[in-house]
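Here's the structure we're looking at; comments come further down.
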Amino acid sequence: MAPKLNIKLNIAGKSYPLSIEREKEEKYRRAEREVNELITKFRSRFRAEDEDYLAMAALQISLANVEMEMSRSLGDDIDALMEINKELDDYLGSLK
């Protein structure tokens, strides 16, 4: 088991201590920056409580995740249709 690394993430002005795998630190740091950037963006657009900014950031990140998943799913469907098209072309070609 890989040794754990103790880090502190600062999100919306609050510190969160975590124990993570060392090789995942950059992912956590990037996620921290992304959330804080979204919070800053929302703060500049409207006045609300920190929990509202966090909720909006969570929603935006979740929507991006859903869109990415749906895009992957669509890509799989396109690949399957292309395979069916190739099989049809091969079959029709064999009838000539």
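Labels used: A, B, ... for chains in the order of the structure tokens, numbers from 1 for residues in each chain, and numbers from 1 for ligands as shown.
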
Which residues of range 45-65 of chain A sit at most 9 Å from range 11-17 of chain A, using only C-alpha atoms? Give each one's shortest atom pair and distance in Å (one decimal place), in chain and ascending residue order, as JSON lines.
{"residue": "A:Asp50", "atom": "CA", "partner": "A:Ala12", "partner_atom": "CA", "distance": 6.9}
{"residue": "A:Glu51", "atom": "CA", "partner": "A:Ala12", "partner_atom": "CA", "distance": 8.9}
{"residue": "A:Tyr53", "atom": "CA", "partner": "A:Ala12", "partner_atom": "CA", "distance": 8.5}
{"residue": "A:Leu54", "atom": "CA", "partner": "A:Ala12", "partner_atom": "CA", "distance": 7.7}

From the DSSP assignment of the backbone, select every residue of range 6-90 of chain A that is strand (DSSP E), and format the answer as a PyMOL selection string. chain A and resi 6-11+14-21

C-alpha atoms of the current selection, written as a short mmCIF file (atom, residue, chain, number, x, y, z; two decimals), in the first residue's frame:
data_model
loop_
_atom_site.label_atom_id
_atom_site.label_comp_id
_atom_site.auth_asym_id
_atom_site.auth_seq_id
_atom_site.Cartn_x
_atom_site.Cartn_y
_atom_site.Cartn_z
CA ASN A 6 -1.48 14.65 4.52
CA ILE A 7 -2.63 17.81 2.75
CA LYS A 8 -4.97 20.68 3.46
CA LEU A 9 -7.28 21.99 0.81
CA ASN A 10 -8.77 25.45 1.15
CA ILE A 11 -12.21 25.65 -0.41
CA LYS A 14 -12.39 26.81 4.81
CA SER A 15 -9.55 24.35 5.35
CA TYR A 16 -10.11 20.63 4.80
CA PRO A 17 -7.37 18.24 5.97
CA LEU A 18 -7.13 15.08 3.87
CA SER A 19 -4.99 11.98 3.76
CA ILE A 20 -4.50 10.94 0.15
CA GLU A 21 -2.22 8.84 -2.04
#

Atomic distance CA of Ala58 in chain A - CA of Arg30 in chain A, expressed in Å with one decimal: 14.8 Å

Select, from A:Leu95, A:Glu49, A:Ile84, A:Ala57, the residue with the minimum atom-to-atom distance to Glu32 in chain A, counting only C-alpha atoms.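 Counting only C-alpha atoms, the residue closest to Glu32 in chain A is A:Ala57.
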